[in-house]
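J.: What follows is final_12.txt, made up of compact mmCIF, C-alpha atoms:
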```
# COMPACT_ATOMS: atom_id res chain seq x y z
CA LEU W 1 179.60 114.30 124.00
CA PRO W 2 178.91 115.63 126.62
CA GLY W 3 181.22 118.57 125.78
CA LEU W 4 179.67 121.98 125.17
CA MET W 5 180.45 122.25 121.43
CA ALA W 6 179.35 118.68 120.69
CA ALA W 7 176.16 119.12 122.70
CA GLU W 8 175.30 122.41 120.99
CA THR W 9 176.00 120.97 117.53
CA ALA W 10 173.82 117.92 118.27
CA LYS W 11 171.05 120.24 119.48
CA VAL W 12 171.15 122.34 116.31
CA CYS W 13 171.22 119.25 114.08
CA LEU W 14 168.19 117.84 115.90
CA GLU W 15 166.32 121.16 115.62
CA ARG W 16 166.99 121.31 111.87
CA GLY W 17 165.61 117.83 111.28
CA TYR W 18 168.84 115.89 110.85
CA LYS W 19 168.90 112.34 112.12
CA LEU W 20 171.35 111.80 114.96
CA ILE W 21 173.06 108.46 115.27
CA PRO W 22 171.83 107.20 118.66
CA MET W 23 175.33 107.00 120.14
CA GLY W 24 178.39 109.11 120.56
CA PHE W 25 181.99 108.49 121.50
CA THR W 26 183.18 109.99 124.75
CA GLY W 27 186.29 109.94 126.90
CA LYS W 28 187.28 107.51 129.61
CA ASP W 29 184.89 107.06 132.53
CA PRO W 30 182.23 109.66 131.66
CA PRO W 31 179.92 110.75 134.49
CA GLU W 32 176.97 109.20 132.60
CA TYR W 33 176.67 106.69 129.75
CA THR W 34 173.58 108.30 128.28
CA TYR W 35 173.04 111.86 127.11
CA THR W 36 169.77 113.49 126.13
CA VAL W 37 169.87 116.14 123.42
CA ILE W 38 167.00 118.62 123.86
CA GLY W 39 166.28 121.11 121.11
CA SER W 40 164.66 124.50 121.65
CA ASN W 41 161.75 123.24 119.52
CA GLY W 42 160.95 120.53 122.08
CA LYS W 43 162.46 117.65 120.10
CA SER W 44 164.71 115.38 122.10
CA GLN W 45 166.77 112.27 121.55
CA GLN W 46 168.66 110.07 123.96
CA LEU W 47 172.14 108.96 122.94
CA GLN W 48 174.26 106.15 124.32
CA LEU W 49 177.79 107.30 125.16
CA ILE W 50 180.59 104.85 124.40
CA GLU W 51 184.23 105.29 125.31
CA GLY W 52 185.98 106.08 122.04
CA PRO W 53 189.19 105.14 120.27
CA GLY W 54 192.27 105.32 122.43
CA VAL W 55 190.39 104.20 125.55
CA ASN W 56 188.21 101.42 124.12
CA ASN W 57 189.69 98.57 122.08
CA ASP W 58 186.23 97.87 120.61
CA ALA W 59 185.67 101.41 119.29
CA SER W 60 186.68 100.58 115.71
CA ALA W 61 184.37 97.55 115.57
CA ILE W 62 181.55 99.66 117.02
CA LEU W 63 182.17 102.37 114.41
CA SER W 64 182.21 99.73 111.66
CA SER W 65 178.77 98.54 112.78
CA ILE W 66 177.51 102.12 112.85
CA LYS W 67 178.88 102.76 109.35
CA ASN W 68 177.01 99.66 108.12
CA SER W 69 173.76 100.94 109.65
CA TYR W 70 174.31 104.57 108.60
CA PRO W 71 176.43 104.41 105.40
CA ASN W 72 176.15 108.14 104.66
CA CYS W 73 176.93 109.31 108.17
CA ILE W 74 179.19 112.27 108.84
CA LEU W 75 180.91 112.23 112.21
CA ILE W 76 181.30 115.47 114.15
CA ASP W 77 184.19 115.46 116.59
CA TYR W 78 185.12 118.17 119.10
CA THR W 79 187.47 116.04 121.10
CA HIS W 80 190.29 116.47 123.58
CA PRO W 81 193.66 116.96 121.86
CA SER W 82 194.97 113.71 123.38
CA ALA W 83 192.29 111.74 121.50
CA VAL W 84 192.66 113.31 118.04
CA LEU W 85 195.14 110.93 116.41
CA SER W 86 193.44 107.75 117.63
CA ASN W 87 190.05 109.12 116.54
CA ILE W 88 191.33 110.03 113.06
CA ALA W 89 192.94 106.59 112.72
CA CYS W 90 189.61 104.96 113.61
CA TYR W 91 187.68 107.17 111.15
CA VAL W 92 190.18 106.45 108.37
CA GLU W 93 190.13 102.71 109.10
CA ASN W 94 186.32 102.73 108.77
CA ASN W 95 186.22 105.19 105.84
CA CYS W 96 184.00 107.64 107.76
CA ASP W 97 183.79 111.26 106.65
CA PHE W 98 184.12 113.68 109.54
CA VAL W 99 184.31 117.23 110.82
CA MET W 100 186.84 117.86 113.58
CA GLY W 101 187.43 121.00 115.59
CA THR W 102 190.07 120.73 118.29
CA THR W 103 192.79 123.10 119.44
CA GLY W 104 196.27 122.23 120.64
CA VAL W 105 196.96 119.40 118.22
CA ASP W 106 200.06 118.38 116.23
CA ALA W 107 198.83 119.45 112.76
CA PRO W 108 201.48 117.57 110.73
CA ALA W 109 200.70 114.33 112.61
CA MET W 110 196.96 114.86 112.01
CA LYS W 111 197.56 115.44 108.30
CA LYS W 112 199.75 112.35 108.01
CA GLU W 113 197.15 110.17 109.77
CA PHE W 114 194.29 111.53 107.65
CA GLU W 115 196.13 111.22 104.33
CA SER W 116 196.55 107.48 104.88
CA GLY W 117 192.85 107.06 104.02
CA SER W 118 190.42 108.01 101.26
CA ASN W 119 187.63 109.63 103.27
CA TYR W 120 186.74 113.33 103.42
CA ALA W 121 187.14 115.66 106.36
CA VAL W 122 186.94 119.25 107.51
CA ILE W 123 189.60 119.74 110.16
CA ALA W 124 189.87 123.14 111.81
CA PRO W 125 191.68 124.03 115.01
CA ASN W 126 188.92 126.37 116.10
CA MET W 127 185.38 126.62 114.73
CA ALA W 128 184.08 129.55 116.76
CA LYS W 129 182.52 132.00 114.29
CA GLN W 130 184.61 134.90 115.50
CA ILE W 131 187.88 132.97 115.20
CA VAL W 132 186.99 131.63 111.74
CA ALA W 133 186.15 135.18 110.59
CA LEU W 134 189.45 136.46 112.00
CA GLN W 135 191.37 133.62 110.31
CA TYR W 136 189.68 134.42 107.00
CA ALA W 137 190.42 138.15 107.32
CA LEU W 138 194.08 137.51 108.17
CA ASP W 139 194.40 135.15 105.22
CA GLN W 140 192.85 137.72 102.88
CA MET W 141 195.14 140.48 104.17
CA SER W 142 198.24 138.30 103.85
CA ASN W 143 197.42 137.64 100.20
CA ARG W 144 197.26 141.32 99.24
```
For this file, write the structure as structure tokens.
T.:
Amino acid sequence: LPGLMAAETAKVCLERGYKLIPMGFTGKDPPEYTYTVIGSNGKSQQLQLIEGPGVNNDASAILSSIKNSYPNCILIDYTHPSAVLSNIACYVENNCDFVMGTTGVDAPAMKKEFESGSNYAVIAPNMAKQIVALQYALDQMSNR
């Protein structure tokens, strides 16, 4: 947060009745340290923004505390490519399952970092519906 994809995903989760963890990792020096998610159904929730792995030496300890409070949490990460590897390392270290959608990343390095753990993840370079549909169609055509 406060990126567009993360904000929209948080909004949809809130609208559908999912519980949001009351904090989110963000980049270095965000314009605000709080973010309010407002759903179209009128529900809202304020989140504390905390500088994430790679820019905050305490991020892993913070995530460990969150994992203890929310043991079944699934992290959703639409981060900047420069933060991907440190974020994955933090998620693996804390055994947090996650969904990550970021373009412009070293895929072999991501895979290597992720495979060092035992958690689950969905990692896709682009999660826009149109791109996912195109990727699926190209895969199907290449297998004919």
J.: Name the residues in contact with range 30-44 of chain W at a cut-off of 8 Å, using only C-alpha atoms, excluding same-chain residues fewer than 6 positions from it; report them as a PyMOL selection string.
T.: chain W and resi 1-2+7+10-12+14-15+50-51
J.: Between W:Thr9, W:Gln46, W:Ser118, W:Ser64, which is the closest to Ile76 in chain W once you count all atoms listed in the file?
T.: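 When distances to Ile76 in chain W are compared using all atoms listed in the file, the smallest one comes from W:Thr9.
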J.: In file coordinates, which residues lie within 10 Å of (185.4, 101.9, 120.7) using only C-alpha atoms, given as a short mmCIF file (atom, residue, chain, number, x, y, z; two decimals) with C-alpha atoms, in the coordinates of the input?
T.:
```
data_model
loop_
_atom_site.label_atom_id
_atom_site.label_comp_id
_atom_site.auth_asym_id
_atom_site.auth_seq_id
_atom_site.Cartn_x
_atom_site.Cartn_y
_atom_site.Cartn_z
CA PHE W 25 181.99 108.49 121.50
CA THR W 26 183.18 109.99 124.75
CA ILE W 50 180.59 104.85 124.40
CA GLU W 51 184.23 105.29 125.31
CA GLY W 52 185.98 106.08 122.04
CA PRO W 53 189.19 105.14 120.27
CA GLY W 54 192.27 105.32 122.43
CA VAL W 55 190.39 104.20 125.55
CA ASN W 56 188.21 101.42 124.12
CA ASN W 57 189.69 98.57 122.08
CA ASP W 58 186.23 97.87 120.61
CA ALA W 59 185.67 101.41 119.29
CA SER W 60 186.68 100.58 115.71
CA ALA W 61 184.37 97.55 115.57
CA ILE W 62 181.55 99.66 117.02
CA LEU W 63 182.17 102.37 114.41
CA SER W 64 182.21 99.73 111.66
CA ASN W 87 190.05 109.12 116.54
CA CYS W 90 189.61 104.96 113.61
#
```
J.: From the set W:Asn143, W:Lys19, W:Gln45, W:Tyr78, which residue has the shortest atom-to-atom contact distance to Leu4 in chain W, counting all atoms listed in the file?
T.: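 Counting all atoms listed in the file, the residue closest to Leu4 in chain W is W:Tyr78.
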J.: Could you work out how far CA of Asp106 in chain W lies from CA of Ile66 in chain W, giving the answer in Å with one decimal?
T.: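 Interatomic distance, CA of Ile66 in chain W to CA of Asp106 in chain W: 28.0 Å.
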J.: When you draw a straight line from CA of Ile74 in chain W to CA of Cys13 in chain W, how long is it in Å?
T.: 11.8 Å
J.: I'd like the contact shell of Leu75 in chain W - 7 Å cut-off, only C-alpha atoms, skipping same-chain residues fewer than 5 positions apart - returned as number ranges by chain.
T.: W: 97-99
J.: From the options W:Ser86, W:Ala121, W:Val132, W:Pro81, which residue's atoms come nearest to Ala107 in chain W, counting all atoms listed in the file?
T.: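 For Ala107 in chain W, the nearest of the given residues is W:Pro81.
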J.: What is the CA of Val92 in chain W-CA of Val122 in chain W distance in Å, reported with one decimal?
T.: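 Distance between the two atoms: 13.2 Å.
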J.: Would you kindly return, as a list in words, each protein, DNA or RNA residue with an atom no farther than 12 Å from any atom of Glu115 in chain W, considering all atoms listed in the file and excluding same-chain residues fewer than 6 positions away?
T.: Ile88, Ala89, Tyr91, Val92, Glu93, Asn95, Pro108, Ala109 and Ala121 of chain W
J.: I'd like to know which of W:Ser116, W:Ser142, W:His80, W:Pro71 is closest to Cys96 in chain W, using only C-alpha atoms.
T.: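 Nearest to Cys96 in chain W: W:Pro71.
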J.: Considering all atoms listed in the file, can you say which of W:Gly117, W:Leu85, W:Ala124, W:Glu8 comes closest to Thr102 in chain W?
T.: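 Comparing W:Gly117, W:Leu85, W:Ala124, W:Glu8 against Thr102 in chain W, the winner is W:Ala124.
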J.: Given the block above, output range 21-129 of chain W with C-alpha atoms as a PDB file, in the first residue's frame.
T.:
```
ATOM      1  CA  ILE W  21      -4.611  -7.247   8.910  1.00  0.00           C
ATOM      2  CA  PRO W  22      -4.511  -3.679  10.272  1.00  0.00           C
ATOM      3  CA  MET W  23      -1.100  -2.934   8.758  1.00  0.00           C
ATOM      4  CA  GLY W  24       0.690  -3.129   5.468  1.00  0.00           C
ATOM      5  CA  PHE W  25       4.279  -2.930   4.339  1.00  0.00           C
ATOM      6  CA  THR W  26       5.212   0.009   2.176  1.00  0.00           C
ATOM      7  CA  GLY W  27       8.341   1.499   0.634  1.00  0.00           C
ATOM      8  CA  LYS W  28      10.791   3.952   2.113  1.00  0.00           C
ATOM      9  CA  ASP W  29       9.438   7.291   3.314  1.00  0.00           C
ATOM     10  CA  PRO W  30       5.780   6.969   2.268  1.00  0.00           C
ATOM     11  CA  PRO W  31       3.767  10.208   2.074  1.00  0.00           C
ATOM     12  CA  GLU W  32       1.567   8.946   4.936  1.00  0.00           C
ATOM     13  CA  TYR W  33       1.938   6.217   7.562  1.00  0.00           C
ATOM     14  CA  THR W  34      -1.761   5.399   7.636  1.00  0.00           C
ATOM     15  CA  TYR W  35      -4.051   4.364   4.816  1.00  0.00           C
ATOM     16  CA  THR W  36      -7.825   4.057   4.913  1.00  0.00           C
ATOM     17  CA  VAL W  37      -9.436   1.386   2.751  1.00  0.00           C
ATOM     18  CA  ILE W  38     -12.981   2.389   1.783  1.00  0.00           C
ATOM     19  CA  GLY W  39     -15.240  -0.157   0.131  1.00  0.00           C
ATOM     20  CA  SER W  40     -18.096   0.699  -2.212  1.00  0.00           C
ATOM     21  CA  ASN W  41     -20.445  -0.805   0.400  1.00  0.00           C
ATOM     22  CA  GLY W  42     -19.446   1.867   2.941  1.00  0.00           C
ATOM     23  CA  LYS W  43     -17.176  -0.381   5.014  1.00  0.00           C
ATOM     24  CA  SER W  44     -13.822   1.123   5.845  1.00  0.00           C
ATOM     25  CA  GLN W  45     -10.710   0.177   7.755  1.00  0.00           C
ATOM     26  CA  GLN W  46      -7.630   2.150   8.647  1.00  0.00           C
ATOM     27  CA  LEU W  47      -4.269   0.453   8.172  1.00  0.00           C
ATOM     28  CA  GLN W  48      -0.897   1.379   9.614  1.00  0.00           C
ATOM     29  CA  LEU W  49       1.816   1.496   6.937  1.00  0.00           C
ATOM     30  CA  ILE W  50       5.233   0.187   7.942  1.00  0.00           C
ATOM     31  CA  GLU W  51       8.366   0.346   5.840  1.00  0.00           C
ATOM     32  CA  GLY W  52       8.949  -3.203   4.653  1.00  0.00           C
ATOM     33  CA  PRO W  53      11.863  -5.582   4.224  1.00  0.00           C
ATOM     34  CA  GLY W  54      14.856  -4.085   2.485  1.00  0.00           C
ATOM     35  CA  VAL W  55      14.284  -0.655   4.042  1.00  0.00           C
ATOM     36  CA  ASN W  56      13.387  -1.625   7.616  1.00  0.00           C
ATOM     37  CA  ASN W  57      15.610  -3.914   9.686  1.00  0.00           C
ATOM     38  CA  ASP W  58      12.652  -4.666  11.986  1.00  0.00           C
ATOM     39  CA  ALA W  59      10.314  -5.845   9.198  1.00  0.00           C
ATOM     40  CA  SER W  60      10.936  -9.550   9.806  1.00  0.00           C
ATOM     41  CA  ALA W  61      10.268  -9.227  13.555  1.00  0.00           C
ATOM     42  CA  ILE W  62       7.108  -7.240  12.795  1.00  0.00           C
ATOM     43  CA  LEU W  63       5.948  -9.922  10.351  1.00  0.00           C
ATOM     44  CA  SER W  64       6.698 -12.629  12.929  1.00  0.00           C
ATOM     45  CA  SER W  65       4.437 -10.839  15.414  1.00  0.00           C
ATOM     46  CA  ILE W  66       1.714 -10.517  12.785  1.00  0.00           C
ATOM     47  CA  LYS W  67       1.998 -14.216  11.921  1.00  0.00           C
ATOM     48  CA  ASN W  68       1.560 -15.053  15.627  1.00  0.00           C
ATOM     49  CA  SER W  69      -1.590 -12.901  15.797  1.00  0.00           C
ATOM     50  CA  TYR W  70      -2.952 -14.036  12.415  1.00  0.00           C
ATOM     51  CA  PRO W  71      -1.594 -17.590  11.906  1.00  0.00           C
ATOM     52  CA  ASN W  72      -3.675 -18.262   8.773  1.00  0.00           C
ATOM     53  CA  CYS W  73      -2.897 -14.975   7.067  1.00  0.00           C
ATOM     54  CA  ILE W  74      -2.153 -14.769   3.365  1.00  0.00           C
ATOM     55  CA  LEU W  75      -0.028 -11.817   2.321  1.00  0.00           C
ATOM     56  CA  ILE W  76      -0.817  -9.989  -0.906  1.00  0.00           C
ATOM     57  CA  ASP W  77       2.146  -8.182  -2.405  1.00  0.00           C
ATOM     58  CA  TYR W  78       2.173  -5.909  -5.464  1.00  0.00           C
ATOM     59  CA  THR W  79       5.555  -4.420  -4.794  1.00  0.00           C
ATOM     60  CA  HIS W  80       8.259  -2.556  -6.659  1.00  0.00           C
ATOM     61  CA  PRO W  81      10.673  -4.917  -8.446  1.00  0.00           C
ATOM     62  CA  SER W  82      13.566  -3.689  -6.271  1.00  0.00           C
ATOM     63  CA  ALA W  83      11.784  -4.998  -3.147  1.00  0.00           C
ATOM     64  CA  VAL W  84      10.777  -8.456  -4.402  1.00  0.00           C
ATOM     65  CA  LEU W  85      13.730 -10.556  -3.248  1.00  0.00           C
ATOM     66  CA  SER W  86      13.915  -9.028   0.239  1.00  0.00           C
ATOM     67  CA  ASN W  87      10.136  -9.413   0.625  1.00  0.00           C
ATOM     68  CA  ILE W  88      10.212 -13.075  -0.438  1.00  0.00           C
ATOM     69  CA  ALA W  89      13.127 -13.737   1.940  1.00  0.00           C
ATOM     70  CA  CYS W  90      11.114 -12.192   4.792  1.00  0.00           C
ATOM     71  CA  TYR W  91       7.993 -14.215   3.906  1.00  0.00           C
ATOM     72  CA  VAL W  92      10.004 -17.441   3.683  1.00  0.00           C
ATOM     73  CA  GLU W  93      11.785 -16.719   6.976  1.00  0.00           C
ATOM     74  CA  ASN W  94       8.398 -16.280   8.688  1.00  0.00           C
ATOM     75  CA  ASN W  95       6.666 -19.122   6.799  1.00  0.00           C
ATOM     76  CA  CYS W  96       3.961 -16.801   5.435  1.00  0.00           C
ATOM     77  CA  ASP W  97       1.931 -17.844   2.406  1.00  0.00           C
ATOM     78  CA  PHE W  98       1.630 -15.069  -0.154  1.00  0.00           C
ATOM     79  CA  VAL W  99       0.409 -13.850  -3.518  1.00  0.00           C
ATOM     80  CA  MET W 100       2.828 -11.659  -5.455  1.00  0.00           C
ATOM     81  CA  GLY W 101       2.270  -9.800  -8.696  1.00  0.00           C
ATOM     82  CA  THR W 102       5.182  -7.684  -9.876  1.00  0.00           C
ATOM     83  CA  THR W 103       6.686  -7.108 -13.306  1.00  0.00           C
ATOM     84  CA  GLY W 104      10.334  -6.627 -14.194  1.00  0.00           C
ATOM     85  CA  VAL W 105      11.788  -9.137 -11.761  1.00  0.00           C
ATOM     86  CA  ASP W 106      14.597 -11.709 -12.048  1.00  0.00           C
ATOM     87  CA  ALA W 107      12.417 -14.865 -12.143  1.00  0.00           C
ATOM     88  CA  PRO W 108      15.219 -17.387 -11.466  1.00  0.00           C
ATOM     89  CA  ALA W 109      16.354 -15.393  -8.408  1.00  0.00           C
ATOM     90  CA  MET W 110      12.736 -15.231  -7.150  1.00  0.00           C
ATOM     91  CA  LYS W 111      12.332 -18.984  -7.602  1.00  0.00           C
ATOM     92  CA  LYS W 112      15.599 -19.712  -5.796  1.00  0.00           C
ATOM     93  CA  GLU W 113      14.640 -17.466  -2.857  1.00  0.00           C
ATOM     94  CA  PHE W 114      11.147 -18.964  -2.601  1.00  0.00           C
ATOM     95  CA  GLU W 115      12.302 -22.587  -2.846  1.00  0.00           C
ATOM     96  CA  SER W 116      14.469 -22.140   0.245  1.00  0.00           C
ATOM     97  CA  GLY W 117      11.271 -22.235   2.347  1.00  0.00           C
ATOM     98  CA  SER W 118       8.225 -24.451   2.835  1.00  0.00           C
ATOM     99  CA  ASN W 119       5.417 -21.920   2.455  1.00  0.00           C
ATOM    100  CA  TYR W 120       2.985 -21.598  -0.456  1.00  0.00           C
ATOM    101  CA  ALA W 121       2.800 -18.796  -2.982  1.00  0.00           C
ATOM    102  CA  VAL W 122       1.202 -17.624  -6.186  1.00  0.00           C
ATOM    103  CA  ILE W 123       3.770 -15.555  -8.049  1.00  0.00           C
ATOM    104  CA  ALA W 124       2.747 -13.999 -11.351  1.00  0.00           C
ATOM    105  CA  PRO W 125       4.505 -11.225 -13.235  1.00  0.00           C
ATOM    106  CA  ASN W 126       1.218  -9.598 -14.188  1.00  0.00           C
ATOM    107  CA  MET W 127      -2.223 -10.233 -12.710  1.00  0.00           C
ATOM    108  CA  ALA W 128      -4.331  -7.974 -14.926  1.00  0.00           C
ATOM    109  CA  LYS W 129      -7.248 -10.087 -16.184  1.00  0.00           C
TER     110      LYS W 129
END
```
